$ cat work_2.cif   # mmCIF, C-alpha atoms
data_protein
#
loop_
_atom_site.label_atom_id
_atom_site.label_comp_id
_atom_site.auth_asym_id
_atom_site.auth_seq_id
_atom_site.Cartn_x
_atom_site.Cartn_y
_atom_site.Cartn_z
CA MET A 1 128.88 89.57 85.32
CA ILE A 2 126.14 90.95 83.12
CA ARG A 3 122.78 89.24 82.97
CA HIS A 4 121.41 89.27 79.38
CA ILE A 5 117.68 89.63 79.04
CA ASP A 6 115.75 89.31 75.80
CA VAL A 7 112.70 91.41 76.69
CA HIS A 8 110.69 90.28 73.68
CA ALA A 9 111.26 86.63 74.59
CA VAL A 10 110.22 87.30 78.18
CA LEU A 11 107.08 89.03 76.88
CA ARG A 12 106.20 86.05 74.71
CA GLU A 13 106.63 83.70 77.65
CA SER A 14 104.59 85.98 79.91
CA VAL A 15 101.49 86.72 77.86
CA SER A 16 99.88 85.28 74.78
CA GLY A 17 102.54 84.80 72.12
CA LEU A 18 100.31 86.72 69.71
CA TYR A 19 101.36 90.15 70.92
CA ALA A 20 104.64 91.99 70.55
CA ASP A 21 103.63 95.09 72.50
CA LEU A 22 104.59 95.91 76.04
CA VAL A 23 101.39 97.56 77.14
CA THR A 24 99.30 97.62 80.33
CA ARG A 25 100.41 97.42 83.96
CA PRO A 26 99.53 93.75 84.45
CA THR A 27 101.73 92.77 81.49
CA GLY A 28 104.55 94.99 82.71
CA ARG A 29 104.31 93.49 86.18
CA VAL A 30 104.52 89.91 84.91
CA VAL A 31 107.46 90.71 82.65
CA ARG A 32 109.30 92.55 85.44
CA GLU A 33 108.79 89.73 87.91
CA ARG A 34 110.34 87.29 85.44
CA ILE A 35 113.27 89.62 84.88
CA GLU A 36 113.69 90.06 88.64
CA ARG A 37 113.85 86.30 89.06
CA ALA A 38 116.50 86.14 86.34
CA MET A 39 118.49 88.84 88.13
CA ALA A 40 118.03 87.40 91.61
CA ASP A 41 121.30 85.44 91.63
CA ALA A 42 123.35 88.31 90.22
CA ALA A 43 126.72 88.72 91.89
CA GLY A 44 127.50 91.81 93.95
CA GLU A 45 125.35 94.34 95.69
CA VAL A 46 124.44 96.01 92.44
CA ALA A 47 122.95 93.77 89.77
CA VAL A 48 123.90 94.52 86.18
CA ALA A 49 121.57 93.61 83.34
CA ARG A 50 121.68 94.18 79.60
CA MET A 51 118.09 94.33 78.39
CA ASP A 52 117.47 93.91 74.68
CA PHE A 53 114.19 95.43 73.45
CA ALA A 54 114.59 94.30 69.83
CA GLY A 55 111.30 92.90 68.54
CA VAL A 56 109.19 94.80 71.05
CA GLY A 57 106.49 96.88 69.33
CA CYS A 58 104.75 99.55 71.34
CA LEU A 59 106.00 100.32 74.85
CA ASP A 60 103.55 102.42 76.82
CA TYR A 61 104.28 104.51 79.92
CA SER A 62 102.66 102.02 82.25
CA CYS A 63 104.91 99.21 81.07
CA ALA A 64 108.00 101.43 80.96
CA ASP A 65 107.33 102.32 84.58
CA GLU A 66 106.54 98.76 85.65
CA ILE A 67 109.59 97.27 83.96
CA VAL A 68 112.44 99.79 83.85
CA ALA A 69 111.63 102.21 86.68
CA GLN A 70 110.34 99.56 89.09
CA LEU A 71 113.37 97.34 88.49
CA LEU A 72 115.61 100.23 89.48
CA ARG A 73 113.45 101.15 92.46
CA ASN A 74 113.19 97.61 93.81
CA ARG A 75 116.91 96.87 94.04
CA PRO A 76 120.25 98.49 93.29
CA ALA A 77 120.85 97.77 89.64
CA VAL A 78 122.52 99.02 86.50
CA LEU A 79 120.41 98.57 83.38
CA VAL A 80 121.97 98.72 79.95
CA LEU A 81 119.23 98.99 77.33
CA ARG A 82 119.67 98.09 73.68
CA GLY A 83 117.45 97.65 70.66
CA ILE A 84 115.16 100.49 71.67
CA THR A 85 113.23 102.64 69.19
CA ASP A 86 112.49 106.36 69.48
CA GLY A 87 109.04 105.46 70.82
CA HIS A 88 110.52 103.20 73.51
CA ARG A 89 113.00 105.90 74.40
CA ASP A 90 110.28 108.54 74.88
CA ALA A 91 108.45 106.36 77.37
CA ILE A 92 111.56 105.18 79.22
CA GLU A 93 113.08 108.65 79.54
CA ALA A 94 109.84 110.06 80.90
CA VAL A 95 109.49 107.45 83.64
CA LEU A 96 113.17 107.65 84.60
CA ALA A 97 113.04 111.44 84.83
CA ARG A 98 109.99 111.31 87.07
CA HIS A 99 111.89 109.30 89.67
CA GLY A 100 115.39 110.74 89.25
CA LEU A 101 116.55 107.36 87.96
CA ALA A 102 118.82 106.49 85.05
CA ALA A 103 119.72 103.70 82.68
CA LEU A 104 122.40 103.40 80.04
CA LEU A 105 121.55 103.09 76.38
CA GLU A 106 123.85 100.92 74.27
CA ARG A 107 123.86 102.55 70.83
CA ALA A 108 124.21 100.60 67.59
CA ASP A 109 127.97 101.37 67.55
CA GLY A 110 128.31 99.92 71.04
CA THR A 111 128.91 103.19 72.88
CA LEU A 112 126.90 104.00 75.98
CA GLU A 113 124.60 106.97 76.41
CA ALA A 114 122.90 108.22 79.56
CA LEU A 115 119.13 108.03 79.81
CA GLY A 116 117.39 109.83 82.65
CA ALA A 117 118.96 111.67 85.58
CA PRO A 118 122.62 112.59 84.76
CA ALA A 119 123.98 111.95 88.28
CA ALA A 120 122.36 108.53 88.47
CA ALA A 121 123.64 107.68 84.98
CA ALA A 122 127.18 108.68 85.98
CA ALA A 123 126.93 106.42 89.03
CA SER A 124 125.80 103.52 86.84
CA LEU A 125 128.71 104.05 84.50
CA GLU A 126 131.12 104.12 87.47
CA VAL A 127 129.83 100.72 88.56
CA LEU A 128 130.44 99.27 85.10
CA VAL A 129 133.93 100.75 84.85
CA ALA A 130 134.87 99.64 88.38
CA ARG A 131 133.84 96.08 87.53
CA ARG A 132 135.63 96.31 84.18
CA LEU A 133 132.38 95.74 82.37
CA ALA A 134 132.82 99.02 80.47
CA ALA A 135 135.85 100.95 79.30
CA PRO A 136 136.63 104.17 77.45
CA THR A 137 136.68 104.02 73.65
CA PRO A 138 139.27 105.82 71.49
CA GLY A 139 136.54 108.35 70.64
CA GLY A 140 136.15 109.36 74.30
CA ALA A 141 132.89 107.53 74.94
CA PHE A 142 132.36 104.33 76.95
CA ALA A 143 131.41 100.89 75.67
CA LEU A 144 130.80 97.53 77.25
CA THR A 145 133.94 95.42 77.30
CA LEU A 146 131.99 92.30 76.36
CA ALA A 147 130.71 93.78 73.09
CA MET B 1 56.54 103.97 82.40
CA THR B 2 59.00 104.50 79.54
CA ARG B 3 61.09 107.69 79.56
CA LEU B 4 62.39 109.15 76.33
CA VAL B 5 65.99 110.23 75.80
CA GLU B 6 66.45 111.93 72.47
CA VAL B 7 69.74 111.31 70.68
CA PRO B 8 70.84 114.59 69.02
CA ALA B 9 70.67 114.63 65.21
CA GLN B 10 74.33 115.65 65.11
CA PHE B 11 75.72 113.63 67.98
CA ASP B 12 79.27 114.54 68.97
CA ASP B 13 81.15 116.09 71.87
CA ARG B 14 79.46 119.45 71.32
CA SER B 15 75.92 118.07 71.56
CA PHE B 16 76.84 115.58 74.27
CA ASP B 17 75.74 117.84 77.14
CA GLN B 18 72.28 118.15 75.59
CA PHE B 19 72.13 114.34 75.53
CA ALA B 20 73.49 114.09 79.09
CA ALA B 21 70.82 116.51 80.32
CA ALA B 22 68.04 114.45 78.73
CA PHE B 23 69.58 111.25 80.10
CA ALA B 24 69.91 112.64 83.64
CA ALA B 25 66.30 113.86 83.63
CA ALA B 26 64.96 110.54 82.36
CA LEU B 27 67.01 108.56 84.86
CA ARG B 28 65.74 110.75 87.69
CA ASP B 29 62.13 110.11 86.66
CA GLY B 30 62.65 106.35 86.86
CA GLY B 31 61.16 103.70 84.61
CA ARG B 32 62.52 102.11 81.47
CA LEU B 33 64.50 104.37 79.15
CA LEU B 34 63.99 104.68 75.41
CA PHE B 35 66.92 106.16 73.52
CA ASP B 36 65.48 107.63 70.38
CA ALA B 37 68.04 107.86 67.57
CA HIS B 38 65.58 107.59 64.69
CA ALA B 39 66.33 111.14 63.50
CA ALA B 40 70.10 110.85 63.90
CA GLU B 41 71.94 112.26 60.91
CA TRP B 42 75.51 111.85 62.09
CA ALA B 43 77.35 110.58 65.14
CA SER B 44 81.03 110.89 65.95
CA PRO B 45 82.93 108.04 67.63
CA TYR B 46 82.53 110.07 70.86
CA GLY B 47 78.75 110.08 70.41
CA LEU B 48 78.65 106.36 69.74
CA VAL B 49 80.71 105.26 72.74
CA GLY B 50 78.87 107.81 74.90
CA LEU B 51 75.56 106.29 73.89
CA LEU B 52 76.85 102.85 74.92
CA ALA B 53 77.91 104.25 78.30
CA ALA B 54 74.41 105.65 78.77
CA GLY B 55 72.96 102.27 77.86
CA ALA B 56 75.19 100.52 80.38
CA ALA B 57 74.17 102.94 83.12
CA ALA B 58 70.48 102.66 82.24
CA GLN B 59 70.68 98.86 82.30
CA ARG B 60 71.68 98.94 85.96
CA GLY B 61 68.12 99.89 86.78
CA GLY B 62 67.05 96.37 85.80
CA GLU B 63 65.46 96.17 82.38
CA LYS B 64 67.45 96.67 79.19
CA PRO B 65 66.78 100.13 77.81
CA LEU B 66 65.21 100.48 74.38
CA LEU B 67 66.94 101.99 71.38
CA THR B 68 65.30 103.05 68.15
CA ALA B 69 67.90 102.86 65.42
CA PRO B 70 68.42 105.68 62.90
CA THR B 71 66.05 105.53 59.95
CA ALA B 72 68.38 107.04 57.34
CA ALA B 73 70.04 104.20 55.45
CA GLU B 74 73.47 105.81 55.22
CA VAL B 75 73.46 106.59 58.95
CA LEU B 76 72.46 103.02 59.77
CA SER B 77 75.16 101.75 57.48
CA TYR B 78 77.82 103.91 59.15
CA TRP B 79 76.77 102.92 62.68
CA ALA B 80 76.98 99.29 61.61
CA ARG B 81 80.39 99.72 59.95
CA ALA B 82 81.60 101.48 63.08
CA GLY B 83 80.68 98.37 65.07
CA PHE B 84 78.08 100.19 67.15
CA PHE B 85 75.23 97.72 66.85
CA ARG B 86 77.43 94.76 67.67
CA ALA B 87 78.34 96.38 71.01
CA ALA B 88 74.84 97.81 71.55
CA ALA B 89 73.13 94.42 71.25
CA GLU B 90 74.34 93.51 74.75
CA LEU B 91 72.97 96.70 76.26
CA PHE B 92 69.81 97.69 74.42
CA GLU B 93 66.64 96.16 73.08
CA ILE B 94 67.08 97.57 69.59
CA HIS B 95 64.16 98.51 67.39
CA GLY B 96 64.49 99.22 63.70
CA LYS B 97 65.79 97.42 60.68
CA LEU B 98 69.50 96.91 61.03
CA PRO B 99 71.77 96.36 58.05
CA ARG B 100 73.85 93.24 57.91
CA THR B 101 77.00 95.27 57.26
CA ALA B 102 79.92 94.05 59.31
CA PRO B 103 82.59 96.47 60.57
CA ARG B 104 84.74 97.11 57.48
CA GLU B 105 88.48 96.80 57.51
CA GLU B 106 89.22 99.17 54.64
CA SER B 107 87.15 102.16 55.72
CA ASP B 108 88.12 105.24 57.72
CA VAL B 109 86.98 103.34 60.80
CA LEU B 110 90.45 102.55 62.11
CA LEU B 111 89.07 100.72 65.09
CA PRO B 112 85.38 99.84 65.32
CA VAL B 113 83.65 100.25 68.65
CA THR B 114 85.48 97.75 70.84
CA ALA B 115 84.75 96.71 74.40
CA VAL B 116 87.59 97.14 76.90
CA ARG B 117 87.14 94.93 79.93
CA ALA B 118 90.62 93.57 80.63
CA ALA B 119 94.31 94.08 79.85
CA GLU B 120 94.00 91.48 77.09
CA ASP B 121 91.54 93.78 75.28
CA VAL B 122 94.08 96.62 75.38
CA HIS B 123 96.70 94.32 73.83
CA ALA B 124 94.29 93.45 71.03
CA VAL B 125 93.38 97.12 70.43
CA VAL B 126 97.04 98.22 70.29
CA SER B 127 98.01 95.38 68.00
CA ARG B 128 95.13 96.08 65.65
CA ILE B 129 95.61 99.85 65.50
CA GLN B 130 99.26 99.56 64.53
CA GLN B 131 98.33 97.38 61.58
CA ARG B 132 95.59 99.76 60.45
CA ALA B 133 96.74 103.25 61.35
CA THR B 134 100.22 103.64 59.92
CA ALA B 135 99.15 104.46 56.37
CA ILE B 136 96.51 106.96 57.42
CA LEU B 137 98.69 108.67 60.04
CA THR B 138 101.66 109.08 57.73
CA HIS B 139 100.13 109.51 54.25
CA GLU B 140 96.92 111.32 55.06
CA LEU B 141 97.75 113.21 58.24
CA GLY B 142 101.39 113.91 57.48
CA LEU B 143 102.70 112.53 60.77
CA ASP B 144 106.20 111.14 60.99
CA PRO B 145 106.09 107.32 60.58
CA LYS B 146 107.60 107.08 64.05
CA ALA B 147 104.49 108.80 65.41
CA THR B 148 102.45 105.64 64.89
CA MET B 149 103.96 104.04 67.95
CA GLY B 150 103.19 107.14 70.00
CA PHE B 151 99.63 106.97 68.74
CA ALA B 152 99.36 103.35 69.88
CA MET B 153 100.81 104.36 73.24
CA ALA B 154 98.21 107.14 73.63
CA LEU B 155 95.46 104.71 72.73
CA SER B 156 96.77 102.14 75.20
CA GLU B 157 96.91 104.64 78.05
CA ALA B 158 93.43 105.98 77.25
CA CYS B 159 92.02 102.43 77.36
CA GLN B 160 93.86 101.58 80.55
CA ASN B 161 92.22 104.55 82.17
CA ILE B 162 89.00 102.54 82.00
CA LEU B 163 90.55 99.46 83.59
CA GLU B 164 92.27 101.35 86.37
CA HIS B 165 89.62 103.88 87.34
CA ALA B 166 86.17 102.96 86.08
CA GLY B 167 85.55 99.85 88.14
CA THR B 168 83.77 98.47 85.08
CA GLY B 169 84.33 98.00 81.37
CA GLY B 170 84.06 100.60 78.63
CA TRP B 171 84.42 101.14 74.90
CA VAL B 172 86.91 102.63 72.50
CA ALA B 173 86.60 103.66 68.85
CA VAL B 174 89.06 105.28 66.45
CA GLN B 175 88.19 106.96 63.19
CA ALA B 176 89.73 109.24 60.60
CA TYR B 177 87.58 111.80 58.85
CA HIS B 178 87.58 115.16 57.16
CA TRP B 179 86.56 117.76 59.73
CA ARG B 180 85.18 120.40 57.41
CA ARG B 181 83.31 122.60 59.87
CA LYS B 182 86.10 123.18 62.33
CA LEU B 183 89.43 122.67 60.64
CA ALA B 184 88.91 121.91 56.97
CA ARG B 185 91.49 119.17 57.49
CA ARG B 186 91.55 115.48 58.12
CA VAL B 187 91.72 114.33 61.74
CA VAL B 188 92.07 111.08 63.62
CA VAL B 189 89.81 110.80 66.62
CA ILE B 190 90.08 108.43 69.58
CA ALA B 191 86.96 108.21 71.72
CA VAL B 192 86.82 106.26 74.96
CA ALA B 193 83.85 106.03 77.32
CA ASP B 194 82.75 104.11 80.36
CA ALA B 195 79.86 104.27 82.80
CA GLY B 196 81.99 103.59 85.85
CA VAL B 197 82.60 105.53 89.02
CA GLY B 198 84.20 108.57 87.36
CA PHE B 199 87.33 110.50 88.30
CA ARG B 200 85.95 112.15 91.44
CA GLU B 201 85.02 108.91 93.16
CA SER B 202 88.15 107.15 91.92
CA LEU B 203 90.49 109.82 93.31
CA GLU B 204 88.51 110.81 96.39
CA PRO B 205 90.32 108.58 98.93
CA THR B 206 93.74 109.98 98.06
CA GLN B 207 93.02 113.51 96.84
CA ALA B 208 89.86 114.96 98.42
CA LYS B 209 91.59 116.13 101.59
CA ARG B 210 94.27 117.95 99.62
CA PHE B 211 91.67 119.97 97.70
CA GLY B 212 89.36 120.59 100.68
CA ALA B 213 86.25 122.58 99.80
CA ARG B 214 87.30 122.75 96.13
CA TRP B 215 86.96 118.99 95.78
CA GLY B 216 84.55 117.93 93.05
CA ASP B 217 84.46 116.66 89.47
CA ALA B 218 86.48 119.59 88.10
CA ALA B 219 89.16 119.33 90.78
CA ALA B 220 89.43 115.58 90.19
CA LEU B 221 89.90 116.09 86.46
CA GLU B 222 92.46 118.81 87.11
CA ALA B 223 94.35 116.50 89.48
CA ALA B 224 94.40 113.67 86.96
CA LEU B 225 95.11 115.51 83.72
CA ILE B 226 97.13 118.54 84.84
CA GLN B 227 98.89 117.24 87.96
CA GLY B 228 99.20 113.60 86.88
CA VAL B 229 97.94 112.15 90.16
CA SER B 230 96.51 108.67 90.45
CA ARG B 231 94.28 106.87 92.92
CA PHE B 232 97.21 104.57 93.64
CA ARG B 233 99.85 105.63 96.15
CA ASP B 234 102.58 104.08 94.01
CA PRO B 235 104.68 107.04 92.79
CA GLY B 236 104.99 105.45 89.35
CA ARG B 237 101.28 105.83 88.69
CA GLY B 238 99.55 108.68 86.90
CA GLN B 239 101.96 108.88 83.98
CA GLY B 240 99.57 107.72 81.28
CA LEU B 241 97.65 110.95 80.83
CA ALA B 242 100.89 112.94 81.07
CA GLY B 243 102.31 110.76 78.28
CA ILE B 244 99.25 111.40 76.13
CA ARG B 245 99.64 115.15 76.73
CA ARG B 246 103.28 115.06 75.64
CA TYR B 247 102.38 113.18 72.47
CA LEU B 248 99.55 115.56 71.62
CA ALA B 249 101.69 118.64 72.23
CA ARG B 250 104.08 117.37 69.56
CA TRP B 251 101.31 116.95 66.98
CA GLN B 252 99.03 119.89 67.92
CA GLY B 253 96.46 117.45 69.23
CA LYS B 254 93.62 117.93 71.67
CA ILE B 255 92.44 115.93 74.66
CA ALA B 256 89.19 116.52 76.52
CA ILE B 257 87.88 114.47 79.43
CA ARG B 258 84.32 114.68 80.72
CA SER B 259 83.44 113.11 84.04
CA GLY B 260 80.42 113.69 86.24
CA THR B 261 79.50 117.35 85.90
CA ALA B 262 82.79 118.72 84.54
CA ARG B 263 84.90 118.66 81.42
CA ILE B 264 88.56 119.57 81.11
CA ALA B 265 90.56 120.02 77.92
CA ILE B 266 94.12 120.67 76.82
CA LEU B 267 93.70 122.89 73.82
CA PRO B 268 95.90 123.38 70.78
CA ALA B 269 96.02 126.77 69.03
CA TRP B 270 93.45 125.74 66.41
CA ASP B 271 90.72 125.05 68.99
CA ASP B 272 88.53 127.70 70.64
CA ASP B 273 87.00 125.27 73.15
CA VAL B 274 87.16 126.28 76.83
CA PRO B 275 89.73 124.55 79.09
CA LEU B 276 87.33 123.77 81.94
CA ARG B 277 83.57 123.58 82.20
CA GLU B 278 81.74 122.96 85.46
CA GLY B 279 78.10 122.50 86.34
CA LEU B 280 77.35 120.30 83.35
CA PRO B 281 74.48 117.81 83.40
CA PRO B 282 75.68 114.76 85.34
CA PHE B 283 76.76 111.73 83.36
CA PRO B 284 78.23 108.50 84.73
CA GLY B 285 81.84 107.43 84.31
CA ALA B 286 84.35 109.22 82.11
CA GLN B 287 84.48 110.09 78.43
CA VAL B 288 87.78 110.85 76.73
CA LEU B 289 88.20 112.56 73.37
CA ILE B 290 91.56 112.77 71.59
CA ILE B 291 91.91 114.57 68.26
CA ILE B 292 95.05 114.61 66.11
CA PRO B 293 94.83 116.89 63.07
CA GLU B 294 96.45 116.62 59.71
CA GLN B 295 99.80 118.38 59.92
CA GLY B 296 99.41 121.49 57.74
CA SER B 297 102.15 123.76 56.41
CA ALA B 298 101.87 125.96 59.49
CA THR B 299 102.42 123.13 61.88
CA ARG B 300 104.89 120.85 60.18
#

$ encode --input "work_2.cif" --output "structure tokens"
Amino acid sequence: MIRHIDVHAVLRESVSGLYADLVTRPTGRVVRERIERAMADAAGEVAVARMDFAGVGCLDYSCADEIVAQLLRNRPAVLVLRGITDGHRDAIEAVLARHGLAALLERADGTLEALGAPAAAAASLEVLVARRLAAPTPGGAFALTLA
Amino acid sequence: MTRLVEVPAQFDDRSFDQFAAAFAAALRDGGRLLFDAHAAEWASPYGLVGLLAAGAAAQRGGEKPLLTAPTAAEVLSYWARAGFFRAAAELFEIHGKLPRTAPREESDVLLPVTAVRAAEDVHAVVSRIQQRATAILTHELGLDPKATMGFAMALSEACQNILEHAGTGGWVAVQAYHWRRKLARRVVVIAVADAGVGFRESLEPTQAKRFGARWGDAAALEAALIQGVSRFRDPGRGQGLAGIRRYLARWQGKIAIRSGTARIAILPAWDDDVPLREGLPPFPGAQVLIIIPEQGSATR
């Protein structure tokens, strides 16, 4: 089972609804704790979450670390990220690389791309395939089966 | 007895050490401080937020320090538009006739002098800069439109540096201007200053032992900016300044941080500044300068 998380909605619930930016450590911490609660009842040893960043403005390194990297450090998890901009990607890739972690990026065409450490990304993809949450596409890539 | 601290006529990062020396001497002598800016002809955002940091430090002695405002009308007008007097009113007893000019939205002042005391302030700064900066960054400086978000990220991390390390509040200002003397191009400048504990004291508990006899302001700045270390033991910390460096490398930008008696800089090819200065006049807290130049034909 994949847990779907609308990051922008979580942000709006977590801080003043005026802001669309994921900036500062305190904001990142609050958002992550809400996401962790949503993932707490995930089945299996490895939680799987599809995090949609659509609507999120600026993502700084502090928030990228607090949300994406900390989620992966705190519990075994596979994170599939979608709706991310080039700016989001810069921040997320940097924090993943620092810790040898990885996430999977769901491109607009539905195919998955590795973000971060290649070995960790391959392991994440294996989890998805083993659970039949992802499968090969005719083009040789992988995509989520639910998409 | 009142001690005089002269504000340099051209007050920017290059004349800041002259100001810091006068400030340190006056503080050492004791008594109430008078910051004399009556002859000021120009001040960069770095000068303005640095002056506020000096005011905050001087105020700790008890009485509010005095400030004589610039006498030149256009200088007064600019300082007002830049939001300086609004922030200074909390810190100084100001003397001189101040204009009623409010910080203007349509000027090159992308972000007037703004206090940063909490995470909420950083949210407000980031939100505001994205609304204001896109046109100037893309049309006037020739940056890719996608670079605006990176600019907001750099600004956010620079402001958070205050919250995480200063132990007190600080100020940020952002302005675009034509830098004739140095580059003959337009630049956007982010200036951040606080009068907090500074990098050396902030990092001392976790880093001093590692550096041994070398430990000091310069080593602390090197640890933070070059090695990306943080005062927190959490391995995820210390990425903000590294992120700023990556962004600036892409756009031939410069970052310089002054703290205590040292100043460190990451220098692009166009700048002949020195990477590290030690033995500077002591000044409280930390002062950060970020410059992003217009992207010329050689750099695009």

$ interface_residues --input "work_2.cif" --of "chain A" --to "chain B" --cutoff "7 Å" --atoms "all atoms listed in the file" --output "list in words"
Tyr19, Val23, Thr24, Pro26, Cys58, Leu59, Asp60, Tyr61, Ser62, Asp65 and Gly87 of chain A

$ resolve_selection --input "work_2.cif" --expression "the PyMOL selection byres ((chain B and resi 268) around 7)" --output "compact mmCIF listing (two decimals) with C-alpha atoms, in the frame of the given file"
# COMPACT_ATOMS: atom_id res chain seq x y z
CA GLN B 252 99.03 119.89 67.92
CA GLY B 253 96.46 117.45 69.23
CA LYS B 254 93.62 117.93 71.67
CA ILE B 266 94.12 120.67 76.82
CA LEU B 267 93.70 122.89 73.82
CA ALA B 269 96.02 126.77 69.03
CA TRP B 270 93.45 125.74 66.41
CA ASP B 271 90.72 125.05 68.99

$ atom_distance --input "work_2.cif" --atom1 "atom CA of Leu280 of chain B" --atom2 "atom CA of Ala37 of chain B"
22.1 Å

$ atom_distance --input "work_2.cif" --atom1 "atom CA of Ala103 of chain A" --atom2 "atom CA of Thr145 of chain A"
17.3 Å

$ resolve_selection --input "work_2.cif" --expression "the PyMOL selection byres ((chain B and resi 47-49) around 10)" --output "MDAnalysis selection string"
chainID B and resid 7:8 10:16 19 42:46 50:55 79 82:85 87:88 113:115 170:173 191:194 287:288

$ build_atoms --input "work_2.cif" --residues "segment 258-270 of chain B" --atoms "N, CA and C atoms" --output "PDB file, keeping the file's coordinate frame"
ATOM      1  N   ARG B 258      85.547 114.310  80.012  1.00  0.00           N
ATOM      2  CA  ARG B 258      84.320 114.680  80.720  1.00  0.00           C
ATOM      3  C   ARG B 258      84.070 113.631  81.784  1.00  0.00           C
ATOM      4  N   SER B 259      83.771 114.067  82.980  1.00  0.00           N
ATOM      5  CA  SER B 259      83.440 113.110  84.040  1.00  0.00           C
ATOM      6  C   SER B 259      82.502 113.772  85.027  1.00  0.00           C
ATOM      7  N   GLY B 260      81.407 113.136  85.313  1.00  0.00           N
ATOM      8  CA  GLY B 260      80.420 113.690  86.240  1.00  0.00           C
ATOM      9  C   GLY B 260      79.797 114.941  85.674  1.00  0.00           C
ATOM     10  N   THR B 261      80.118 116.078  86.323  1.00  0.00           N
ATOM     11  CA  THR B 261      79.500 117.350  85.900  1.00  0.00           C
ATOM     12  C   THR B 261      80.549 118.326  85.364  1.00  0.00           C
ATOM     13  N   ALA B 262      81.722 117.819  84.997  1.00  0.00           N
ATOM     14  CA  ALA B 262      82.790 118.720  84.540  1.00  0.00           C
ATOM     15  C   ALA B 262      83.480 118.156  83.311  1.00  0.00           C
ATOM     16  N   ARG B 263      84.161 119.054  82.623  1.00  0.00           N
ATOM     17  CA  ARG B 263      84.900 118.660  81.420  1.00  0.00           C
ATOM     18  C   ARG B 263      86.156 119.515  81.368  1.00  0.00           C
ATOM     19  N   ILE B 264      87.281 118.849  81.171  1.00  0.00           N
ATOM     20  CA  ILE B 264      88.560 119.570  81.110  1.00  0.00           C
ATOM     21  C   ILE B 264      89.193 119.260  79.752  1.00  0.00           C
ATOM     22  N   ALA B 265      89.935 120.236  79.232  1.00  0.00           N
ATOM     23  CA  ALA B 265      90.560 120.020  77.920  1.00  0.00           C
ATOM     24  C   ALA B 265      91.935 120.688  77.878  1.00  0.00           C
ATOM     25  N   ILE B 266      92.843 120.054  77.157  1.00  0.00           N
ATOM     26  CA  ILE B 266      94.120 120.670  76.820  1.00  0.00           C
ATOM     27  C   ILE B 266      93.989 121.078  75.362  1.00  0.00           C
ATOM     28  N   LEU B 267      94.103 122.374  75.119  1.00  0.00           N
ATOM     29  CA  LEU B 267      93.700 122.890  73.820  1.00  0.00           C
ATOM     30  C   LEU B 267      94.868 123.336  72.961  1.00  0.00           C
ATOM     31  N   PRO B 268      94.912 122.874  71.723  1.00  0.00           N
ATOM     32  CA  PRO B 268      95.900 123.380  70.780  1.00  0.00           C
ATOM     33  C   PRO B 268      95.437 124.741  70.236  1.00  0.00           C
ATOM     34  N   ALA B 269      96.322 125.415  69.502  1.00  0.00           N
ATOM     35  CA  ALA B 269      96.020 126.770  69.030  1.00  0.00           C
ATOM     36  C   ALA B 269      94.799 126.808  68.106  1.00  0.00           C
ATOM     37  N   TRP B 270      94.541 125.710  67.379  1.00  0.00           N
ATOM     38  CA  TRP B 270      93.450 125.740  66.410  1.00  0.00           C
ATOM     39  C   TRP B 270      92.071 125.630  67.046  1.00  0.00           C
TER      40      TRP B 270
END
